[in-house]
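File shown here: work32.cif, holding mmCIF, C-alpha atoms.
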data_input
loop_
_atom_site.label_atom_id
_atom_site.label_comp_id
_atom_site.auth_asym_id
_atom_site.auth_seq_id
_atom_site.Cartn_x
_atom_site.Cartn_y
_atom_site.Cartn_z
CA MET A 1 39.27 14.06 15.18
CA ALA A 2 39.06 10.64 13.54
CA SER A 3 41.08 9.90 10.40
CA TYR A 4 39.23 8.69 7.32
CA LYS A 5 40.30 6.82 4.22
CA LEU A 6 37.75 6.02 1.54
CA THR A 7 38.54 3.31 -1.00
CA TYR A 8 36.41 3.31 -4.12
CA PHE A 9 36.67 3.59 -7.89
CA ASN A 10 37.29 6.84 -9.75
CA VAL A 11 33.58 7.51 -10.24
CA THR A 12 30.77 8.93 -8.12
CA GLY A 13 28.56 5.82 -7.65
CA LEU A 14 28.24 4.42 -4.15
CA GLY A 15 31.34 6.21 -2.94
CA GLU A 16 29.86 9.64 -3.55
CA PRO A 17 27.29 9.67 -0.71
CA ILE A 18 30.20 9.05 1.67
CA ARG A 19 32.25 11.84 0.07
CA PHE A 20 29.24 14.18 0.34
CA LEU A 21 28.70 13.35 4.00
CA LEU A 22 32.36 13.66 4.98
CA SER A 23 32.40 17.02 3.18
CA TYR A 24 29.21 18.05 4.97
CA LEU A 25 30.85 17.14 8.28
CA GLY A 26 33.94 19.12 7.36
CA ARG A 27 36.11 16.05 7.91
CA GLU A 28 39.28 15.67 5.91
CA PHE A 29 39.55 12.29 4.23
CA GLU A 30 41.87 10.40 1.95
CA ASP A 31 39.87 9.90 -1.22
CA TYR A 32 41.64 6.85 -2.63
CA ARG A 33 40.36 6.13 -6.13
CA LEU A 34 41.72 2.76 -7.07
CA PRO A 35 42.84 2.22 -10.65
CA GLN A 36 40.53 -0.30 -12.34
CA ASP A 37 43.48 -2.58 -13.21
CA LEU A 38 44.40 -2.95 -9.54
CA TRP A 39 40.90 -4.06 -8.55
CA PRO A 40 41.44 -7.83 -9.01
CA SER A 41 44.37 -7.70 -6.58
CA ILE A 42 42.58 -5.43 -4.08
CA LYS A 43 39.17 -7.16 -4.13
CA PRO A 44 40.17 -10.22 -2.05
CA ASN A 45 41.35 -7.92 0.75
CA MET A 46 38.10 -5.99 0.97
CA PRO A 47 35.45 -7.13 3.46
CA PHE A 48 32.94 -9.16 1.42
CA GLY A 49 35.03 -8.36 -1.68
CA LYS A 50 33.41 -4.99 -2.30
CA VAL A 51 33.93 -1.26 -2.17
CA PRO A 52 33.29 1.41 -0.96
CA VAL A 53 35.24 0.78 2.20
CA LEU A 54 35.73 3.56 4.71
CA GLU A 55 38.53 3.24 7.22
CA VAL A 56 37.79 5.17 10.39
CA ASP A 57 40.94 5.39 12.52
CA GLY A 58 42.12 2.28 10.70
CA LYS A 59 38.94 0.28 11.36
CA GLU A 60 37.21 -0.86 8.17
CA ALA A 61 33.56 -0.14 7.49
CA HIS A 62 31.80 -1.38 4.37
CA GLN A 63 28.34 -1.05 2.79
CA SER A 64 27.62 2.45 1.54
CA THR A 65 24.19 2.76 3.17
CA ALA A 66 25.40 1.57 6.56
CA ILE A 67 28.31 4.02 6.38
CA ALA A 68 26.05 6.88 5.26
CA ARG A 69 23.62 6.21 8.11
CA TYR A 70 26.55 6.20 10.55
CA LEU A 71 27.95 9.47 9.23
CA GLY A 72 24.42 10.87 9.09
CA LYS A 73 24.08 10.35 12.83
CA GLU A 74 27.39 12.14 13.40
CA ALA A 75 26.09 15.00 11.28
CA ASP A 76 22.74 15.26 13.08
CA LEU A 77 21.08 14.24 9.83
CA ALA A 78 19.23 11.24 11.26
CA GLY A 79 15.59 11.40 12.31
CA SER A 80 14.56 12.90 15.61
CA ASP A 81 12.99 9.60 16.70
CA SER A 82 12.81 6.02 15.48
CA TRP A 83 9.68 6.66 13.40
CA GLU A 84 11.50 9.44 11.55
CA ASP A 85 14.53 7.17 11.10
CA LEU A 86 12.17 4.61 9.60
CA GLN A 87 10.92 7.13 7.02
CA ILE A 88 14.49 7.87 5.92
CA ASP A 89 15.41 4.17 5.76
CA MET A 90 12.26 3.39 3.74
CA ALA A 91 13.14 5.99 1.11
CA VAL A 92 16.77 4.88 0.88
CA ASP A 93 15.93 1.19 0.58
CA ALA A 94 13.27 1.93 -2.04
CA PHE A 95 16.00 3.82 -3.89
CA HIS A 96 18.16 0.69 -3.72
CA ASP A 97 15.38 -1.38 -5.28
CA PHE A 98 15.42 1.10 -8.15
CA ARG A 99 19.23 1.11 -8.26
CA MET A 100 19.32 -2.69 -8.50
CA ALA A 101 17.11 -2.51 -11.59
CA LEU A 102 19.40 0.18 -13.04
CA VAL A 103 22.67 -1.68 -12.48
CA GLY A 104 21.12 -5.01 -13.48
CA TYR A 105 20.65 -3.42 -16.88
CA PHE A 106 23.85 -1.34 -16.95
CA PHE A 107 26.27 -4.14 -16.06
CA GLU A 108 24.54 -6.81 -18.16
CA ALA A 109 27.40 -8.36 -20.15
CA ASP A 110 25.18 -10.12 -22.69
CA LYS A 111 24.40 -7.53 -25.38
CA ASP A 112 21.09 -9.02 -26.46
CA LEU A 113 19.92 -9.44 -22.89
CA LYS A 114 20.92 -5.86 -22.11
CA GLU A 115 18.86 -4.61 -25.03
CA LYS A 116 15.94 -6.71 -23.82
CA LYS A 117 16.16 -5.18 -20.35
CA ARG A 118 16.29 -1.66 -21.73
CA GLU A 119 12.72 -1.09 -22.78
CA PRO A 120 10.95 -2.11 -19.54
CA LEU A 121 13.55 -0.24 -17.49
CA MET A 122 13.24 3.00 -19.42
CA ASN A 123 9.48 2.90 -20.00
CA ASN A 124 8.19 1.29 -16.83
CA THR A 125 10.61 0.87 -13.94
CA ALA A 126 12.38 4.24 -14.15
CA PRO A 127 9.24 6.39 -14.58
CA PHE A 128 7.51 4.39 -11.83
CA TYR A 129 10.26 4.90 -9.24
CA LEU A 130 11.14 8.46 -10.25
CA GLY A 131 7.49 9.43 -10.14
CA LYS A 132 7.15 7.92 -6.66
CA PHE A 133 10.26 9.73 -5.39
CA ASP A 134 9.08 12.97 -6.96
CA GLU A 135 5.75 12.62 -5.16
CA LEU A 136 7.50 11.79 -1.88
CA VAL A 137 9.62 14.95 -2.13
CA LYS A 138 6.51 16.96 -2.95
CA GLN A 139 4.85 15.69 0.23
CA ASN A 140 7.96 16.32 2.32
CA ASN A 141 8.75 19.95 1.74
CA GLY A 142 11.55 19.34 -0.79
CA TYR A 143 13.08 16.33 0.99
CA LEU A 144 12.54 12.56 0.96
CA ALA A 145 11.33 12.24 4.54
CA ASN A 146 10.03 14.12 7.55
CA GLY A 147 9.90 17.48 5.77
CA LYS A 148 13.57 18.20 6.45
CA LEU A 149 17.10 17.40 5.33
CA SER A 150 18.45 13.96 6.22
CA TRP A 151 21.37 11.75 5.23
CA GLY A 152 18.88 9.99 2.92
CA ASP A 153 18.57 13.12 0.77
CA ILE A 154 22.34 13.39 0.54
CA TYR A 155 22.58 9.70 -0.37
CA PHE A 156 19.98 10.02 -3.13
CA VAL A 157 21.33 13.23 -4.65
CA ALA A 158 24.95 12.02 -4.50
CA CYS A 159 23.88 9.02 -6.59
CA GLY A 160 22.19 11.34 -9.07
CA SER A 161 24.97 11.32 -11.65
CA LEU A 162 25.00 7.50 -11.60
CA ILE A 163 21.25 7.43 -12.25
CA ASN A 164 21.51 10.03 -15.00
CA HIS A 165 24.40 8.18 -16.62
CA ILE A 166 22.54 4.89 -16.71
CA ILE A 167 19.19 6.15 -17.94
CA GLU A 168 20.81 8.68 -20.27
CA MET A 169 18.78 11.67 -19.21
CA ASP A 170 18.86 14.28 -16.48
CA VAL A 171 16.16 13.15 -14.06
CA PHE A 172 16.47 16.46 -12.23
CA ASP A 173 15.47 18.26 -15.41
CA LYS A 174 12.42 16.12 -15.90
CA TYR A 175 11.11 15.83 -12.33
CA GLU A 176 10.38 19.17 -10.71
CA ASN A 177 10.43 18.01 -7.10
CA LEU A 178 13.57 15.95 -7.56
CA ARG A 179 15.15 19.13 -8.93
CA ILE A 180 14.12 20.97 -5.77
CA LEU A 181 15.61 18.14 -3.69
CA ARG A 182 18.87 18.27 -5.66
CA ASP A 183 19.05 22.04 -5.33
CA ASN A 184 18.41 21.80 -1.59
CA VAL A 185 21.37 19.44 -1.23
CA HIS A 186 23.68 21.10 -3.76
CA SER A 187 23.21 24.52 -2.18
CA ILE A 188 24.58 23.40 1.20
CA PRO A 189 27.85 25.37 1.41
CA GLN A 190 30.12 22.40 2.20
CA ILE A 191 28.53 20.32 -0.58
CA LYS A 192 28.82 23.22 -3.01
CA ILE A 193 32.56 23.41 -2.37
CA TRP A 194 32.91 19.64 -2.77
CA LEU A 195 31.09 19.78 -6.13
CA GLU A 196 33.37 22.55 -7.32
CA THR A 197 36.59 20.85 -6.26
CA ARG A 198 35.93 17.13 -6.72
CA PRO A 199 37.71 15.26 -9.52
CA LYS A 200 35.88 15.26 -12.83
CA THR A 201 34.83 11.71 -13.73
CA ILE A 202 32.73 10.02 -16.44
CA PHE A 203 29.84 9.76 -13.97
CA MET B 204 -0.18 -0.54 22.69
CA ALA B 205 0.05 0.05 18.96
CA SER B 206 -1.92 -2.11 16.54
CA TYR B 207 -0.04 -3.97 13.80
CA LYS B 208 -1.10 -5.46 10.51
CA LEU B 209 1.49 -7.20 8.35
CA THR B 210 0.71 -7.76 4.67
CA TYR B 211 2.87 -10.32 2.91
CA PHE B 212 2.63 -13.58 1.00
CA ASN B 213 2.00 -16.96 2.61
CA VAL B 214 5.70 -17.74 2.90
CA THR B 215 8.50 -16.79 5.30
CA GLY B 216 10.72 -14.64 3.01
CA LEU B 217 11.03 -10.96 3.85
CA GLY B 218 7.91 -10.99 6.00
CA GLU B 219 9.39 -13.44 8.49
CA PRO B 220 11.94 -11.09 10.14
CA ILE B 221 9.02 -8.80 10.96
CA ARG B 222 6.96 -11.70 12.34
CA PHE B 223 9.97 -12.81 14.43
CA LEU B 224 10.49 -9.31 15.82
CA LEU B 225 6.82 -8.70 16.62
CA SER B 226 6.78 -12.08 18.37
CA TYR B 227 9.96 -11.19 20.26
CA LEU B 228 8.31 -7.96 21.36
CA GLY B 229 5.19 -9.84 22.46
CA ARG B 230 3.05 -7.65 20.22
CA GLU B 231 -0.10 -9.08 18.76
CA PHE B 232 -0.36 -8.55 15.01
CA GLU B 233 -2.65 -9.36 12.15
CA ASP B 234 -0.62 -11.69 9.95
CA TYR B 235 -2.39 -11.12 6.64
CA ARG B 236 -1.09 -13.59 4.06
CA LEU B 237 -2.44 -12.44 0.75
CA PRO B 238 -3.54 -15.08 -1.72
CA GLN B 239 -1.23 -15.05 -4.75
CA ASP B 240 -4.15 -14.48 -7.14
CA LEU B 241 -5.08 -11.24 -5.35
CA TRP B 242 -1.58 -9.79 -5.69
CA PRO B 243 -2.12 -8.04 -9.05
CA SER B 244 -5.06 -6.11 -7.59
CA ILE B 245 -3.29 -5.34 -4.29
CA LYS B 246 0.12 -4.40 -5.73
CA PRO B 247 -0.88 -0.95 -7.06
CA ASN B 248 -2.07 0.05 -3.60
CA MET B 249 1.18 -0.84 -1.87
CA PRO B 250 3.81 1.87 -1.38
CA PHE B 251 6.33 1.34 -4.20
CA GLY B 252 4.26 -1.68 -5.31
CA LYS B 253 5.87 -4.10 -2.87
CA VAL B 254 5.34 -6.12 0.27
CA PRO B 255 5.98 -6.63 3.15
CA VAL B 256 4.00 -3.67 4.43
CA LEU B 257 3.48 -3.18 8.13
CA GLU B 258 0.67 -0.95 9.27
CA VAL B 259 1.39 0.58 12.67
CA ASP B 260 -1.77 2.18 14.02
CA GLY B 261 -2.93 2.43 10.42
CA LYS B 262 0.25 4.12 9.18
CA GLU B 263 2.00 2.16 6.45
CA ALA B 264 5.65 1.22 6.67
CA HIS B 265 7.43 -0.65 3.89
CA GLN B 266 10.90 -2.14 3.28
CA SER B 267 11.62 -5.14 5.47
CA THR B 268 15.04 -3.97 6.67
CA ALA B 269 13.80 -0.51 7.60
CA ILE B 270 10.89 -2.05 9.51
CA ALA B 271 13.15 -4.60 11.24
CA ARG B 272 15.57 -1.85 12.31
CA TYR B 273 12.62 0.15 13.67
CA LEU B 274 11.22 -2.80 15.63
CA GLY B 275 14.75 -3.70 16.71
CA LYS B 276 15.06 -0.32 18.41
CA GLU B 277 11.74 -0.89 20.18
CA ALA B 278 13.05 -4.27 21.34
CA ASP B 279 16.39 -2.90 22.60
CA LEU B 280 18.08 -4.98 19.92
CA ALA B 281 19.93 -2.09 18.28
CA GLY B 282 23.58 -1.31 19.03
CA SER B 283 24.57 0.57 22.16
CA ASP B 284 26.15 3.33 20.05
CA SER B 285 26.34 4.36 16.41
CA TRP B 286 29.48 2.28 15.76
CA GLU B 287 27.67 -0.82 17.00
CA ASP B 288 24.65 0.09 14.87
CA LEU B 289 27.03 0.31 11.90
CA GLN B 290 28.30 -3.24 12.52
CA ILE B 291 24.72 -4.57 12.49
CA ASP B 292 23.82 -2.61 9.35
CA MET B 293 26.97 -3.82 7.57
CA ALA B 294 26.10 -7.46 8.23
CA VAL B 295 22.47 -7.03 7.16
CA ASP B 296 23.33 -5.18 3.95
CA ALA B 297 26.01 -7.76 3.09
CA PHE B 298 23.28 -10.37 3.57
CA HIS B 299 21.12 -8.45 1.08
CA ASP B 300 23.92 -8.54 -1.49
CA PHE B 301 23.88 -12.32 -1.07
CA ARG B 302 20.08 -12.43 -1.16
CA MET B 303 20.00 -10.46 -4.42
CA ALA B 304 22.23 -13.11 -6.02
CA LEU B 305 19.94 -15.83 -4.63
CA VAL B 306 16.67 -14.33 -5.86
CA GLY B 307 18.24 -13.26 -9.17
CA TYR B 308 18.71 -16.97 -9.78
CA PHE B 309 15.51 -18.22 -8.12
CA PHE B 310 13.10 -15.90 -9.93
CA GLU B 311 14.84 -16.09 -13.31
CA ALA B 312 12.00 -16.88 -15.73
CA ASP B 313 14.24 -17.96 -18.62
CA LYS B 314 15.01 -21.64 -18.00
CA ASP B 315 18.34 -21.68 -19.82
CA LEU B 316 19.50 -18.51 -18.14
CA LYS B 317 18.48 -19.88 -14.75
CA GLU B 318 20.54 -23.00 -15.36
CA LYS B 319 23.48 -20.81 -16.39
CA LYS B 320 23.23 -18.80 -13.15
CA ARG B 321 23.08 -21.93 -11.05
CA GLU B 322 26.67 -23.13 -11.16
CA PRO B 323 28.43 -19.87 -10.15
CA LEU B 324 25.82 -19.24 -7.45
CA MET B 325 26.12 -22.68 -5.89
CA ASN B 326 29.89 -23.08 -6.27
CA ASN B 327 31.16 -19.55 -5.79
CA THR B 328 28.72 -16.94 -4.52
CA ALA B 329 26.95 -19.03 -1.88
CA PRO B 330 30.09 -20.60 -0.32
CA PHE B 331 31.81 -17.18 -0.40
CA TYR B 332 29.05 -15.36 1.48
CA LEU B 333 28.15 -18.21 3.83
CA GLY B 334 31.82 -18.66 4.71
CA LYS B 335 32.13 -14.94 5.44
CA PHE B 336 29.01 -14.92 7.63
CA ASP B 337 30.19 -18.05 9.42
CA GLU B 338 33.51 -16.37 10.18
CA LEU B 339 31.75 -13.21 11.35
CA VAL B 340 29.62 -15.19 13.77
CA LYS B 341 32.72 -17.01 15.01
CA GLN B 342 34.37 -13.66 15.76
CA ASN B 343 31.24 -12.32 17.43
CA ASN B 344 30.43 -14.84 20.08
CA GLY B 345 27.66 -16.58 18.15
CA TYR B 346 26.13 -13.42 16.66
CA LEU B 347 26.69 -11.30 13.55
CA ALA B 348 27.87 -8.17 15.32
CA ASN B 349 29.14 -6.76 18.59
CA GLY B 350 29.27 -10.13 20.35
CA LYS B 351 25.60 -9.99 21.29
CA LEU B 352 22.08 -10.46 20.00
CA SER B 353 20.73 -7.79 17.66
CA TRP B 354 17.82 -7.36 15.26
CA GLY B 355 20.32 -8.26 12.51
CA ASP B 356 20.64 -11.80 13.86
CA ILE B 357 16.88 -12.15 13.94
CA TYR B 358 16.65 -10.81 10.38
CA PHE B 359 19.26 -13.26 9.09
CA VAL B 360 17.91 -16.33 10.87
CA ALA B 361 14.29 -15.55 9.94
CA CYS B 362 15.40 -15.55 6.28
CA GLY B 363 17.09 -18.92 6.80
CA SER B 364 14.32 -21.03 5.31
CA LEU B 365 14.31 -18.83 2.19
CA ILE B 366 18.07 -19.31 1.77
CA ASN B 367 17.81 -23.05 2.35
CA HIS B 368 14.93 -23.34 -0.10
CA ILE B 369 16.80 -21.53 -2.85
CA ILE B 370 20.16 -23.25 -2.49
CA GLU B 371 18.53 -26.62 -1.73
CA MET B 372 20.54 -27.44 1.34
CA ASP B 373 20.46 -26.67 5.04
CA VAL B 374 23.15 -24.03 5.49
CA PHE B 375 22.81 -24.39 9.25
CA ASP B 376 23.83 -28.05 8.96
CA LYS B 377 26.88 -27.21 6.92
CA TYR B 378 28.17 -24.10 8.72
CA GLU B 379 28.88 -24.65 12.38
CA ASN B 380 28.82 -21.03 13.48
CA LEU B 381 25.67 -20.25 11.50
CA ARG B 382 24.08 -23.19 13.33
CA ILE B 383 25.10 -21.63 16.64
CA LEU B 384 23.59 -18.32 15.48
CA ARG B 385 20.36 -20.02 14.46
CA ASP B 386 20.17 -21.90 17.75
CA ASN B 387 20.78 -18.68 19.66
CA VAL B 388 17.83 -17.05 17.91
CA HIS B 389 15.53 -20.08 17.83
CA SER B 390 15.99 -20.72 21.54
CA ILE B 391 14.61 -17.32 22.53
CA PRO B 392 11.32 -18.28 24.25
CA GLN B 393 9.05 -15.95 22.25
CA ILE B 394 10.68 -17.04 18.95
CA LYS B 395 10.38 -20.69 19.97
CA ILE B 396 6.64 -20.28 20.48
CA TRP B 397 6.31 -18.48 17.16
CA LEU B 398 8.15 -21.30 15.36
CA GLU B 399 5.85 -23.89 16.94
CA THR B 400 2.64 -22.05 16.14
CA ARG B 401 3.31 -20.30 12.80
CA PRO B 402 1.56 -21.56 9.68
CA LYS B 403 3.39 -24.29 7.80
CA THR B 404 4.46 -23.01 4.39
CA ILE B 405 6.56 -24.27 1.48
CA PHE B 406 9.46 -22.09 2.67
#

Let me see the file written as structure tokens.
Amino acid sequence: MASYKLTYFNVTGLGEPIRFLLSYLGREFEDYRLPQDLWPSIKPNMPFGKVPVLEVDGKEAHQSTAIARYLGKEADLAGSDSWEDLQIDMAVDAFHDFRMALVGYFFEADKDLKEKKREPLMNNTAPFYLGKFDELVKQNNGYLANGKLSWGDIYFVACGSLINHIIEMDVFDKYENLRILRDNVHSIPQIKIWLETRPKTIF
Amino acid sequence: MASYKLTYFNVTGLGEPIRFLLSYLGREFEDYRLPQDLWPSIKPNMPFGKVPVLEVDGKEAHQSTAIARYLGKEADLAGSDSWEDLQIDMAVDAFHDFRMALVGYFFEADKDLKEKKREPLMNNTAPFYLGKFDELVKQNNGYLANGKLSWGDIYFVACGSLINHIIEMDVFDKYENLRILRDNVHSIPQIKIWLETRPKTIF
């Protein structure tokens, strides 16, 4: 059995899909949550200066989506052929387009600019993307792709608290099919245990 | 043989990795370059409102990376196992982090803000990422991952003219290993023919 060490901040964010997938796989992992004040000294040692980083038997992997796809294959949560893989990748990368709009607003340091970004994000971008994802899940039997569970669903749902935190509402309350998707993921026994035992964080 | 129609703008950008890969595969494709003034009427009909879109036997695929990974598998340009796939995905997603910084500057509509983004992009972000990619290629025998050609190399090199256009220099002149990577990709016979016959565009 490989050994795993995840380095990320003490939030869900982009580390959480990896925590979900390692939990799903039943793999023990060191869940290192770096204190924010240590970040400037740790950052230069991270590949491309970013986290999450997952060490697998001491070998460093970075990029949350790449790691999630890798773990998804281990977990038999990839597609059954390359066309199915494509459907999962399309949904996840569309999610990242949405996420970039979210974090571009959330991390905007200029207060006036942040306020300016708020209205189009909340009234156009967020409803547009969430509506599209809701429709996709409706067409796919409660999942994002191929009518069945994939690592893409786990990725999306694990990022749910980040989305909710940024847009200040519970998207799973508002969008019926996204709620079904979340419930499908959250009711997986290993994920359920992870949710009950994971550290409580601001998002 | 499947039929392919690519819809994108009349530039290289995110459409070009798909054009490179279809050329590599020797697949004929309709290279539809939509006139800019038609975009507002076409946009609502595109999945998630974006291009490139590749129709494969009439079925729409979107997201350039997802499509490139799919075509890469068809072309035997994926990794030989899931760890190798991970190395390719890591490099490509790190490239997208860099690309987001590039386009965040390039498409900034506010002139003052654009000027403000320029200095840190040109003096910090671009040298940081390009130096990292150069080092990666040095470690990987002239490629981004696994010491051999993958769809990730084709993706990166096909986006080269976009990068050069935005940062107003030829990165392949400045970075020796990136030049080797580019030459490795550009010297592939099918890519060479594509480069000689493709439409001339501003980038």

Problem - Residue nearest chain A among B:Ala312, B:Leu305, B:Ala269, B:Leu241 (counting only C-alpha atoms) - result: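 That would be B:Ala269, the residue with the smallest distance to chain A.
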
Handout entry: Expected answer as a list of chain:residue names: chain B residues within 6 Å of chain A, all atoms listed in the file
Key =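 Within 6 Å of chain A on chain B, we get B:Gln266, B:Ala269, B:Leu289, B:Asp292, B:Met293.
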
Selection to disk with C-alpha atoms, as a PDB file, in the frame of the given file:
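New file selection37.pdb:
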ATOM      1  CA  GLN B 266      10.900  -2.140   3.280  1.00  0.00           C
ATOM      2  CA  ALA B 269      13.800  -0.510   7.600  1.00  0.00           C
ATOM      3  CA  LEU B 289      27.030   0.310  11.900  1.00  0.00           C
ATOM      4  CA  ASP B 292      23.820  -2.610   9.350  1.00  0.00           C
ATOM      5  CA  MET B 293      26.970  -3.820   7.570  1.00  0.00           C
TER       6      MET B 293
END

Problem - Residue contacts of Ala329 of chain B (9 Å, all atoms listed in the file) excluding same-chain residues fewer than 5 positions away, as a ChimeraX atom specification - result: /B:301,304-305,323-324,334,370

Practice task
Run through the PyMOL selection byres ((chain B and resi 360) around 12) on the given coordinates and return the selected residues as JSON, numbers by chain.
Solution key: {"B": [215, 216, 217, 219, 220, 221, 222, 223, 224, 295, 298, 336, 346, 347, 352, 353, 354, 355, 356, 357, 358, 359, 361, 362, 363, 364, 365, 366, 367, 374, 375, 381, 382, 383, 384, 385, 386, 387, 388, 389, 390, 394, 398]}

For the structure provided, state which residues fall under the PyMOL selection byres ((chain B and resi 258) around 12), and present them as a PDB file with C-alpha atoms, in the frame of the given file.
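Wrote selection_31.pdb, looks like this:
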ATOM      1  CA  ALA B 205       0.050   0.050  18.960  1.00  0.00           C
ATOM      2  CA  SER B 206      -1.920  -2.110  16.540  1.00  0.00           C
ATOM      3  CA  TYR B 207      -0.040  -3.970  13.800  1.00  0.00           C
ATOM      4  CA  LYS B 208      -1.100  -5.460  10.510  1.00  0.00           C
ATOM      5  CA  LEU B 209       1.490  -7.200   8.350  1.00  0.00           C
ATOM      6  CA  THR B 210       0.710  -7.760   4.670  1.00  0.00           C
ATOM      7  CA  TYR B 211       2.870 -10.320   2.910  1.00  0.00           C
ATOM      8  CA  ILE B 221       9.020  -8.800  10.960  1.00  0.00           C
ATOM      9  CA  PHE B 232      -0.360  -8.550  15.010  1.00  0.00           C
ATOM     10  CA  GLU B 233      -2.650  -9.360  12.150  1.00  0.00           C
ATOM     11  CA  ASP B 234      -0.620 -11.690   9.950  1.00  0.00           C
ATOM     12  CA  TYR B 235      -2.390 -11.120   6.640  1.00  0.00           C
ATOM     13  CA  MET B 249       1.180  -0.840  -1.870  1.00  0.00           C
ATOM     14  CA  PRO B 250       3.810   1.870  -1.380  1.00  0.00           C
ATOM     15  CA  VAL B 254       5.340  -6.120   0.270  1.00  0.00           C
ATOM     16  CA  PRO B 255       5.980  -6.630   3.150  1.00  0.00           C
ATOM     17  CA  VAL B 256       4.000  -3.670   4.430  1.00  0.00           C
ATOM     18  CA  LEU B 257       3.480  -3.180   8.130  1.00  0.00           C
ATOM     19  CA  VAL B 259       1.390   0.580  12.670  1.00  0.00           C
ATOM     20  CA  ASP B 260      -1.770   2.180  14.020  1.00  0.00           C
ATOM     21  CA  GLY B 261      -2.930   2.430  10.420  1.00  0.00           C
ATOM     22  CA  LYS B 262       0.250   4.120   9.180  1.00  0.00           C
ATOM     23  CA  GLU B 263       2.000   2.160   6.450  1.00  0.00           C
ATOM     24  CA  ALA B 264       5.650   1.220   6.670  1.00  0.00           C
ATOM     25  CA  HIS B 265       7.430  -0.650   3.890  1.00  0.00           C
ATOM     26  CA  GLN B 266      10.900  -2.140   3.280  1.00  0.00           C
ATOM     27  CA  ILE B 270      10.890  -2.050   9.510  1.00  0.00           C
TER      28      ILE B 270
END

Practice task
Point out the residue among B:Asn213, B:Ser226, B:Gln239, B:Asn344 with the least atom-to-atom distance to Gln393 of chain B, counting only C-alpha atoms.
Solution key: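 Smallest distance to Gln393 of chain B is found for B:Ser226.
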
Fill in the blank from the handout: With distances taken over all atoms listed in the file, the candidate from B:Asn380, B:Asn349, B:Asn327, B:Thr404 nearest Gly282 of chain B is B:Asn349

Which residues match the PyMOL selection byres ((chain B and resi 237) around 6) in the file above, as a JSON list (two decimals) with C-alpha atoms, in the coordinates of the input?
[["chain", "number", "residue", "atom", "x", "y", "z"],
["B", 212, "PHE", "CA", 2.63, -13.58, 1.00],
["B", 236, "ARG", "CA", -1.09, -13.59, 4.06],
["B", 238, "PRO", "CA", -3.54, -15.08, -1.72]]

Handout entry: Point-to-point distance from atom CA of Pro199 of chain A to atom CA of Val103 of chain A, Å rounded to tenths
Key =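 Interatomic distance, atom CA of Pro199 of chain A to atom CA of Val103 of chain A: 22.8 Å.
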
Practice task
Just give me the gap between atom CA of Trp39 of chain A and atom CA of Arg118 of chain A in Å, one decimal is fine.
Solution key: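 Between atom CA of Trp39 of chain A and atom CA of Arg118 of chain A the gap works out to 28.0 Å.
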
Problem - Length of the atom CA of Phe310 of chain B to atom CA of Gly218 of chain B vector [Å] - result: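 A separation of 17.5 Å between them.
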